[in-house]
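Here is the structure we will look at, set down as C-alpha cells.
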Number of protein chains: 4
Amino acid sequence: MNTFGRILRMSIFGESHGPYVGVTIDGCPPGITLSINDFILDLGRRKSGARGTTPRLEKDLPNIISGVFNERTTGAPITVLFENTNVRSKDYSNLVKHPRPGHTDFVAMKKYKGFNDYRGGGYFSGRLTLALVTAGVIAKKIVPQINISAKLIEAGGQKDINAAVEKAIEAGDSIGGIIECKAKGLPVGLGNPFFNSVHAVLSHLIFSIPAIKGIEFGAGFAATQMTGSKHNDNLMDENGTTQTNHAGGISGGITNGNELLFRVAVKPTSSISLPQQTYNFETGQVEELIIEGRHDACIALRVPPVIEAATAFVLADFMLIEHQV
Amino acid sequence: MNTFGRILRMSIFGESHGPYVGVTIDGCPPGITLSINDFILDLGRRKSGARGTTPRLEKDLPNIISGVFNERTTGAPITVLFENTNVRSKDYSNLVKHPRPGHTDFVAMKKYKGFNDYRGGGYFSGRLTLALVTAGVIAKKIVPQINISAKLIEAGGQKDINAAVEKAIEAGDSIGGIIECKAKGLPVGLGNPFFNSVHAVLSHLIFSIPAIKGIEFGAGFAATQMTGSKHNDNLMDENGTTQTNHAGGISGGITNGNELLFRVAVKPTSSISLPQQTYNFETGQVEELIIEGRHDACIALRVPPVIEAATAFVLADFMLIEHQV
Amino acid sequence: MNTFGRILRMSIFGESHGPYVGVTIDGCPPGITLSINDFILDLGRRKSGARGTTPRLEKDLPNIISGVFNERTTGAPITVLFENTNVRSKDYSNLVKHPRPGHTDFVAMKKYKGFNDYRGGGYFSGRLTLALVTAGVIAKKIVPQINISAKLIEAGGQKDINAAVEKAIEAGDSIGGIIECKAKGLPVGLGNPFFNSVHAVLSHLIFSIPAIKGIEFGAGFAATQMTGSKHNDNLMDENGTTQTNHAGGISGGITNGNELLFRVAVKPTSSISLPQQTYNFETGQVEELIIEGRHDACIALRVPPVIEAATAFVLADFMLIEHQV
Amino acid sequence: MNTFGRILRMSIFGESHGPYVGVTIDGCPPGITLSINDFILDLGRRKSGARGTTPRLEKDLPNIISGVFNERTTGAPITVLFENTNVRSKDYSNLVKHPRPGHTDFVAMKKYKGFNDYRGGGYFSGRLTLALVTAGVIAKKIVPQINISAKLIEAGGQKDINAAVEKAIEAGDSIGGIIECKAKGLPVGLGNPFFNSVHAVLSHLIFSIPAIKGIEFGAGFAATQMTGSKHNDNLMDENGTTQTNHAGGISGGITNGNELLFRVAVKPTSSISLPQQTYNFETGQVEELIIEGRHDACIALRVPPVIEAATAFVLADFMLIEHQV
C-alpha cells in the first residue's frame, strides 16, 4: 500500500539512492494555482543543513510532470519528482551482514528476502517524506481557510531545544522530541464515528512518518489523570465553542469546531556516532558496529513540516468528502 | 465508512436504542470452528455490571445469522447480531437542546442535521464495541498462534485501580486510565513501510474505539527523553531478538519478531453525576445540566477486551495478507 | 469483498437456507424518508411467482434494523434483513457429490474446501439479489431526479417473450434474455477517466449479479460494424445534446448529458428439468443427473429490477462524489 | 481514482503533451527479474506505425525509476516513465470551442471547468494505455504459469481485417473491431461471489481502456438465444473440465479451471478525415469540423496487448490474493 486517502489520494515511490523519489496526488480539484514557488517554504523547512541535521544536501527542486497546465491544476493526477543528486557510491553491503540497531536493515532483508535496495535505507528512507511534504503543500492550497502549525516543543526531554541538540552533538549521540500541532478554521462535522474518525485517519497517516512512536489528542495521556468533571469541555455557545479544549477539537471522532490539537513523540535518530553492540550475520556474533559519516543528531528538528503536511492532507480529504471545498 | 480491514474486513451497524447492534466479518477463511461459546469470555469481560461500571445489563448473546454452517466458518460473510433488550423508553430529547459536555450530542446534531438517533448516543454508542469484540474473537481464532493480552495498568493516575475507582464513585465523578497491550508470537515481516505500517493501521483501529485519546508504541513518549544510544534496540541473534524492546516490536512499520507493545490513554467517562455548566440551545444560555441515572465511573475498566479485539483483528488481517494463515 | 461502493457503500450477507439474507448501506445522507412501503414495488418485481419463475414464495418483507429513526435516514449505516421462511429441509448433499452443470456447486466446494453452505447455493444464491434491490431502492431515493428503467427486450432470442417462455416451460428447459436499461436526468461530468469511469464501475456491479454474461453500452457490439463517420455522435447544442446516442451517454468514461443506455445478456437458468450428463465424484463417472423440483424457466424475467437497482446505486454514488446530491 | 487493484495495484499519470506518462505498480513480490527488454515485445505491439495506425512515432522506452535493484524487483513500488518526445506544438484551442464528436473534448471541459490540458486529449489520451501495458508486463512475470492471448478477430464487421482497414483508409473514415482474449493455466477458485467476481473485476479494468463499448464472457450475448440444456457446461472429470465452455471459464464469478474466454467491442476511432457537423461554442451554431492530421483508421489494431495487459493484471492480483504466487 503506497497509497493513502479517500477522495484526495497520494501514492509515493522512490528510494534513497535511486534516481528519484516522487509522489502522485490524485483527486485534487481543477483550477488551483500551483508552481514550484509554492513548495519552497515547506521543502526548505524539511531540509537538512541546520545545526543538528545531516549535511546531505539535496536541492530538492520539485519537478511537476503531470496534472498542471498553465500553472493551474487540471483535475488529473499530479506527479512530482525529486532527483537524488547527492548520492555517494559507497559500499552499503555491510548493512546486510551487520544490521544497524534502530534501523530497518534487518526487517527489510527478512521481509523482502534479500532483494530490497538497502542503500541508504532504500524505500524506507526518510527521504520519502519529501513526497508527504509535497502532498501537504497541495493539500494546504485546497483548503486555504485552514491554518495548520506544527512546532517542536521539547527535545531530549528539555524545553531549551538548542542546548539539548548541542549536547547530543557533542556526545556523538542523538535525541528525540515532542511536536505539537494545531489546526484552526475547521468546520463542525468532519469525520465519521468509528473507522473514519478524524483522529483515527490522522493517526494512521502520522504513524506512516518514520520515527513517530506516539500520538495524543487534546489532554491525551494526561487525561487519564483527570476527573471527568475537570476533563469535560463545557459548551459555551451555539457554535460549539468550549471553555477548555481537553478533547483536542474532536468529539466522537468528529471535529467539534474548536482547535484541533495533538502532540507526537519522535524517537531519537537511530544513526549515532557512538559504537554499538549488535548481531553480525557473517560472524554469528554480537559485535561492535560503528556507523560512519555524520547524521541528524535530532531528526525531530525536521519533522514539523511533515506533521503539518500529513495534517493538511487528511483535513483536505475530509473537507472534500464533506463538500466544504 | 462503517468498514475496516483489507482482506479480513468488518462492517458495523446498529444503535444504542434500536432493535440490534451487529457486525459482518468478511474474508474469514473457511473451516474454522465457531460457536456461541467462543464469544462468552471476551463478551463477558466487556460487559457492565462490575463495580465502577454502568448497571445497564444486557445478555449480549451473539446470534450468528450467516457465514457459519455445521459450526464451522464457510468463507462467506459472517453476520452476528446482538439484541438490545434493556432499553428504557425515557425521553432523550433533552440531549438535543442541552448537549452533554464530553459527549457527541452536539456534533451528531450538527453533522446529521438533526436526523441522528440521539437516544443513548445512537450509532455513537459504546455499545457498538460489541461489534469489535465479536470481530476480535473471530480474528483470534484465525491466528491462534498469536497471544494477545491487554490490561488496565493505571486508573485516575494511580496504580491501585480499585481505590481510584471507589474514590470516583464516591465523588459522583469519573476517571480514565492507561491500558497496556502485548502481543506475542508474531513473525518478522508483517506490515509495510509508510501507509500500511503495523502501527499506522493498528492506531487507526484503536482510535476508532470511543474514549481513546492517545497511543504510544514501545517506549513511546518516554523515548523523547532518551538518547539514541540508550533507545536503540541491539540485535542479539539471527531471529532479530533485541536486548531491549524500546521499539515495541516494530521497525520501520514492520514487525521485527519481538513482542508488540503499546499503551493507550482512555479518557474519564463523559457522563458524571455532578452538575455541569453547558450551553442550552433552547434558552440560549450556559446553564446547569444534571445527567440522571447511574454511569460507568471508569469506562476504562471495560476497554481491555476491546483493545485486544482490535489488535487481533489488525494482526489477523496482516497475517492473511502475508500468507501466514 | 462483500462490499461495493465508494461514498455510498453496501455490504451483503446471508445464505439461501440460513435464517436471513441482508444488506448494510453506509454513506446514505441523513433526512431521507424511508419506510417499508418504499421497498414494496421493486421487491415485488424481483419476486418469483409469475409464469416462468420459480414457485418458491417468500414474503420478502424488509426489516429495517438500523439507520432509520422516525421514518427518516439518520446518516448511520442502514441494515435491512429478510427472513428466509420458505426453506425446505430436504437433503442437499447430492450437490456435493454430483455437481449441477451451470451451477456453482463445483467451484464453491473447491474454493471453500468443502465448508461452504451448499443448501440452495448458499451464499451464491440469487436470493442475495434481494440485498441489491434493497440498496437500489435507497439509492433511487437519494437521487430522485434520475429516472432509471430496465426492461427485458428479448428472451430466448425472440421479441415475443411470453411465447418464448411458454415454449421453454413445455420443454422442461430454460432460456435467457437481453435486458435494456436507460437512465435519464444525469448531469454532465459523472465519472473519471480510466479506472473510475462510469461504465467501468457500472459493469463491475452489473457483473456481480448472478447469470449476467455480457454488457454493452450504446451501440455496443454493433459499433464494431459501423464506420466512425456513422458512429460519432455530433453535438447539437451547448448542453452536449447529441444527434445520435451511439456512445450510450458516456464519453471517455464520463456522462455526457445524454441518456445512459446499456444492454446486458442474461444466460438461461442453470436448473432445468431435463436430464443432464455430468461428473459424479462418488462414482468417478459421468452420469445422468436429474434436478428435482420446479425452477425459473427464464430467470431473466426477474432481473430488470436488479439491473435498475445496480444502476441506481452506482449513479447515486457518483452523484454523492460529485456533490450533486 | 487513478489507482486500480487490491494487492497488486497500479497508479497512472501523465498527459499526451506533458513531459511524461507513467505508472507506479505497488505490491509486486520481490525477486522477479525485470529489465527494459521485458517490455519491448508488448510495447511494440501497442505502438503505432503499422498500416491503419497513426504515424505519431514515439520510442516508448521504459525508464524504471524505482522498485528495481540489480535487475530484480525489490518489493517497493515500481515506477516506470515514458517520455513524450514527438509532441507537436500546434494550436489545440480549437478543441475547446468546437469539440470533436466522439471525443472527450466536451465532457473534459465541463467536468474540469475549463482547466483540463486539452492538448491531444490530455490525461484522457490513449497514450495512457502505455501505463497499462507496462503494468501488464510486470503482471505476466508474476504469474508466468498463466498464458494470455488476445487477438483482433473482426474489424468493421469483417473477418478479413486487412481489407476492412484498407477500405476505411481509402474512405478517410475509421472502423472498430472485436478482440477475443483467452487465458490458460488458471487454477480453480480465483475470485469471489458477487462484487469481487473475476468477470466483475476484469470488466471494470477492461472498460477503463478507451474505446471499449462492450464485453461478453463465454457464449456471451449468444447465450441469450440458447436453451439451458445446450448452454450448461457438463463436468467431465474431477478437475472441473467441462465438455463445452459456454461459461467462459467462470462459474458464479469464480474460475472453474477451464479456459477464461471473453470478447470486447472496440468502437471505430473517433478521429476521422471526413468533415463532421458539430456544435461550435464560439458561433453558437452547428458547423462543419475538419480534423487535420492523420489518424488511426482502426485503433482496434493496437488494443490486443492492452487487453492482455489488463487481463494479466487482474489475474495476477487474484493469484496474489489466493496465495497462488
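Ordering of the C-alpha cells sets the chain letters (A, B, ...); residue numbers start at 1 within each chain; ligands are numbered from 1 in the order shown.
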
Determine, using only C-alpha atoms, which residues of chain B have any atom at most 6 Å from an atom of chain C, and tabulate each with its shortest atom pair and distance in Å to one decimal place, rows ordered by chain and then rising number, as a tab-separated table.
```
residue	atom	partner	partner_atom	distance
B:Phe13	CA	C:Pro77	CA	5.6
B:Gly14	CA	C:Ser66	CA	4.9
B:Pro30	CA	C:Tyr112	CA	5.8
B:Gly31	CA	C:Phe115	CA	5.7
B:Ser66	CA	C:Gly14	CA	4.9
B:Phe69	CA	C:Asp117	CA	5.9
B:Thr74	CA	C:Asn116	CA	4.5
B:Pro77	CA	C:Phe13	CA	5.6
B:Tyr112	CA	C:Pro30	CA	5.8
B:Phe115	CA	C:Thr74	CA	5.0
B:Asn116	CA	C:Thr74	CA	4.5
B:Asp117	CA	C:Phe69	CA	5.9
```

Spatial neighbours of Pro268 in chain A, 7 Å, only C-alpha atoms, chain gap at least 5 places, as a ChimeraX atom specification: /A:174-176,298 /B:224,227-228

Take the residues just selected and output them with all heavy atoms as a CSV table (one decimal), in the first residue's frame.
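And here is the file that came out, out11.csv:
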```
chain,number,residue,atom,x,y,z
A,174,SER,N,22.3,11.0,19.9
A,174,SER,CA,21.1,11.6,19.3
A,174,SER,C,20.0,11.8,20.3
A,174,SER,O,20.0,11.1,21.4
A,174,SER,CB,20.6,10.8,18.1
A,174,SER,OG,20.1,9.5,18.6
A,175,ILE,N,19.0,12.6,20.0
A,175,ILE,CA,17.8,12.8,20.8
A,175,ILE,C,16.6,12.9,20.0
A,175,ILE,O,16.6,13.1,18.8
A,175,ILE,CB,18.0,14.1,21.7
A,175,ILE,CG1,18.3,15.3,20.8
A,175,ILE,CG2,19.0,13.9,22.8
A,175,ILE,CD1,18.2,16.6,21.5
A,176,GLY,N,15.4,12.6,20.7
A,176,GLY,CA,14.1,12.8,20.1
A,176,GLY,C,13.4,14.0,20.5
A,176,GLY,O,14.1,14.9,21.1
A,298,CYS,N,19.3,15.2,15.8
A,298,CYS,CA,17.9,15.3,16.3
A,298,CYS,C,17.0,15.4,15.0
A,298,CYS,O,16.7,16.5,14.6
A,298,CYS,CB,17.7,16.5,17.2
A,298,CYS,SG,16.1,16.7,17.8
B,224,THR,N,11.3,10.2,23.9
B,224,THR,CA,11.7,11.5,23.5
B,224,THR,C,12.7,12.1,24.6
B,224,THR,O,13.3,13.1,24.3
B,224,THR,CB,10.5,12.5,23.4
B,224,THR,OG1,10.0,12.7,24.7
B,224,THR,CG2,9.5,12.0,22.5
B,227,THR,N,18.4,9.1,24.9
B,227,THR,CA,19.4,9.3,23.8
B,227,THR,C,19.3,8.1,22.9
B,227,THR,O,18.8,7.0,23.3
B,227,THR,CB,20.8,9.3,24.4
B,227,THR,OG1,21.0,8.1,25.1
B,227,THR,CG2,21.0,10.5,25.3
B,228,GLY,N,19.7,8.2,21.7
B,228,GLY,CA,19.7,7.2,20.7
B,228,GLY,C,20.5,6.0,21.2
B,228,GLY,O,20.1,4.8,21.0
```

Gap from CA of Val201 in chain C to CA of Pro144 in chain D - Å, one decimal: 28.6 Å

Exercise: Ser149 in chain B partners within 9 Å, only C-alpha atoms, chain neighbours under 4 positions left out, as a PyMOL selection string: chain B and resi 180-184+304-305+307-308

Based on the backbone DSSP call, show me all residues of range 190-230 of chain B assigned alpha helix (DSSP H), as a list in words. Val198, His199, Ala200, Val201, Leu202, Ser203, His204, Leu205, Ile206, Gly228, Ser229 and Lys230 of chain B

Could you save the residues just selected, with N, CA and C atoms, as a PDB file, in the first residue's frame?
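Output file part.pdb is given in full below:
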```
ATOM      1  N   VAL B 198       2.369  -1.440  10.508  1.00  0.00           N
ATOM      2  CA  VAL B 198       1.578  -2.092  11.552  1.00  0.00           C
ATOM      3  C   VAL B 198       1.043  -1.082  12.548  1.00  0.00           C
ATOM      4  N   HIS B 199       1.877  -0.145  12.974  1.00  0.00           N
ATOM      5  CA  HIS B 199       1.387   0.793  13.995  1.00  0.00           C
ATOM      6  C   HIS B 199       0.436   1.820  13.400  1.00  0.00           C
ATOM      7  N   ALA B 200       0.586   2.139  12.116  1.00  0.00           N
ATOM      8  CA  ALA B 200      -0.360   3.071  11.480  1.00  0.00           C
ATOM      9  C   ALA B 200      -1.753   2.444  11.404  1.00  0.00           C
ATOM     10  N   VAL B 201      -1.813   1.205  10.942  1.00  0.00           N
ATOM     11  CA  VAL B 201      -3.106   0.541  10.795  1.00  0.00           C
ATOM     12  C   VAL B 201      -3.709   0.236  12.169  1.00  0.00           C
ATOM     13  N   LEU B 202      -2.854  -0.187  13.083  1.00  0.00           N
ATOM     14  CA  LEU B 202      -3.338  -0.505  14.426  1.00  0.00           C
ATOM     15  C   LEU B 202      -3.868   0.748  15.122  1.00  0.00           C
ATOM     16  N   SER B 203      -3.149   1.848  15.030  1.00  0.00           N
ATOM     17  CA  SER B 203      -3.621   3.071  15.689  1.00  0.00           C
ATOM     18  C   SER B 203      -4.927   3.545  15.045  1.00  0.00           C
ATOM     19  N   HIS B 204      -5.070   3.324  13.740  1.00  0.00           N
ATOM     20  CA  HIS B 204      -6.319   3.674  13.063  1.00  0.00           C
ATOM     21  C   HIS B 204      -7.500   2.967  13.736  1.00  0.00           C
ATOM     22  N   LEU B 205      -7.342   1.682  13.960  1.00  0.00           N
ATOM     23  CA  LEU B 205      -8.454   0.937  14.555  1.00  0.00           C
ATOM     24  C   LEU B 205      -8.611   1.255  16.042  1.00  0.00           C
ATOM     25  N   ILE B 206      -7.492   1.436  16.740  1.00  0.00           N
ATOM     26  CA  ILE B 206      -7.571   1.739  18.175  1.00  0.00           C
ATOM     27  C   ILE B 206      -8.302   3.070  18.400  1.00  0.00           C
ATOM     28  N   GLY B 228      19.733   8.246  21.675  1.00  0.00           N
ATOM     29  CA  GLY B 228      19.713   7.159  20.706  1.00  0.00           C
ATOM     30  C   GLY B 228      20.490   5.954  21.186  1.00  0.00           C
ATOM     31  N   SER B 229      21.612   6.194  21.852  1.00  0.00           N
ATOM     32  CA  SER B 229      22.449   5.072  22.306  1.00  0.00           C
ATOM     33  C   SER B 229      21.705   4.224  23.331  1.00  0.00           C
ATOM     34  N   LYS B 230      20.799   4.834  24.059  1.00  0.00           N
ATOM     35  CA  LYS B 230      20.023   4.095  25.050  1.00  0.00           C
ATOM     36  C   LYS B 230      18.760   3.493  24.411  1.00  0.00           C
TER      37      LYS B 230
END
```

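Here CA of Val133 in chain B stands at a distance of 5.5 Å from CA of Val306 in chain B.
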
Tell me, as a list in words, which residues lie within 10 Å of Gly156 in chain D, counting only C-alpha atoms; anything in the same chain fewer than 2 positions away does not count. Ala222, Ala223, Thr224, Gln225, Met226, Thr227 and Gly228 of chain C; Glu154, Gln158, Lys159, Asp160, Ile161, Ala163, Ala164, Val165, Lys167, Ala168, Ser174, Ile175, Gly176, Gly177, Ile178, Val266, Lys267, Pro268, Cys298 and Ala300 of chain D

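CA of Ile250 in chain C lies 11.8 Å from CA of Gly220 in chain C.
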
Could you give me, as an MDAnalysis selection string, the residues within 10 Å of Lys59 in chain A, counting only C-alpha atoms and dropping anything in the same chain fewer than 2 positions from it? chainID A and resid 43:44 47 57 61:62 82:86

Within range 77-309 of chain D, find each residue whose DSSP state, derived from the backbone, is strand (DSSP E or B), and express the selection as a PyMOL selection string. chain D and resi 78-83+147-155+158+175+177-184+212-217+227+235+242+250-251+254-255+260-266+276-280+285-289

So that I can see what lies close to range 313-319 of chain A, please list as a ChimeraX atom specification the residues with an atom at most 7 Å from it, counting only C-alpha atoms and leaving out residues fewer than 5 positions away in the same chain. /A:5-8,135-136,139,142-143,190-191,202,324-325

I'd like the contact shell of Gly293 in chain D - 10 Å cut-off, only C-alpha atoms, skipping same-chain residues fewer than 3 positions apart - returned as a ChimeraX atom specification. /D:54-55,271-273,290

Since we have the selection now, will you write its residues out, keeping C-alpha atoms, as an mmCIF file, in the first residue's frame?
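Final output, again02.cif:
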```cif
data_model
loop_
_atom_site.group_PDB
_atom_site.id
_atom_site.type_symbol
_atom_site.label_atom_id
_atom_site.label_comp_id
_atom_site.auth_asym_id
_atom_site.auth_seq_id
_atom_site.Cartn_x
_atom_site.Cartn_y
_atom_site.Cartn_z
ATOM 1 C CA THR D 54 -1.370 6.841 -36.589
ATOM 2 C CA PRO D 55 2.140 7.821 -37.642
ATOM 3 C CA SER D 271 -10.863 10.994 -35.285
ATOM 4 C CA ILE D 272 -11.645 10.759 -38.990
ATOM 5 C CA SER D 273 -10.630 12.795 -42.011
ATOM 6 C CA ILE D 290 -12.463 19.061 -40.227
#
```
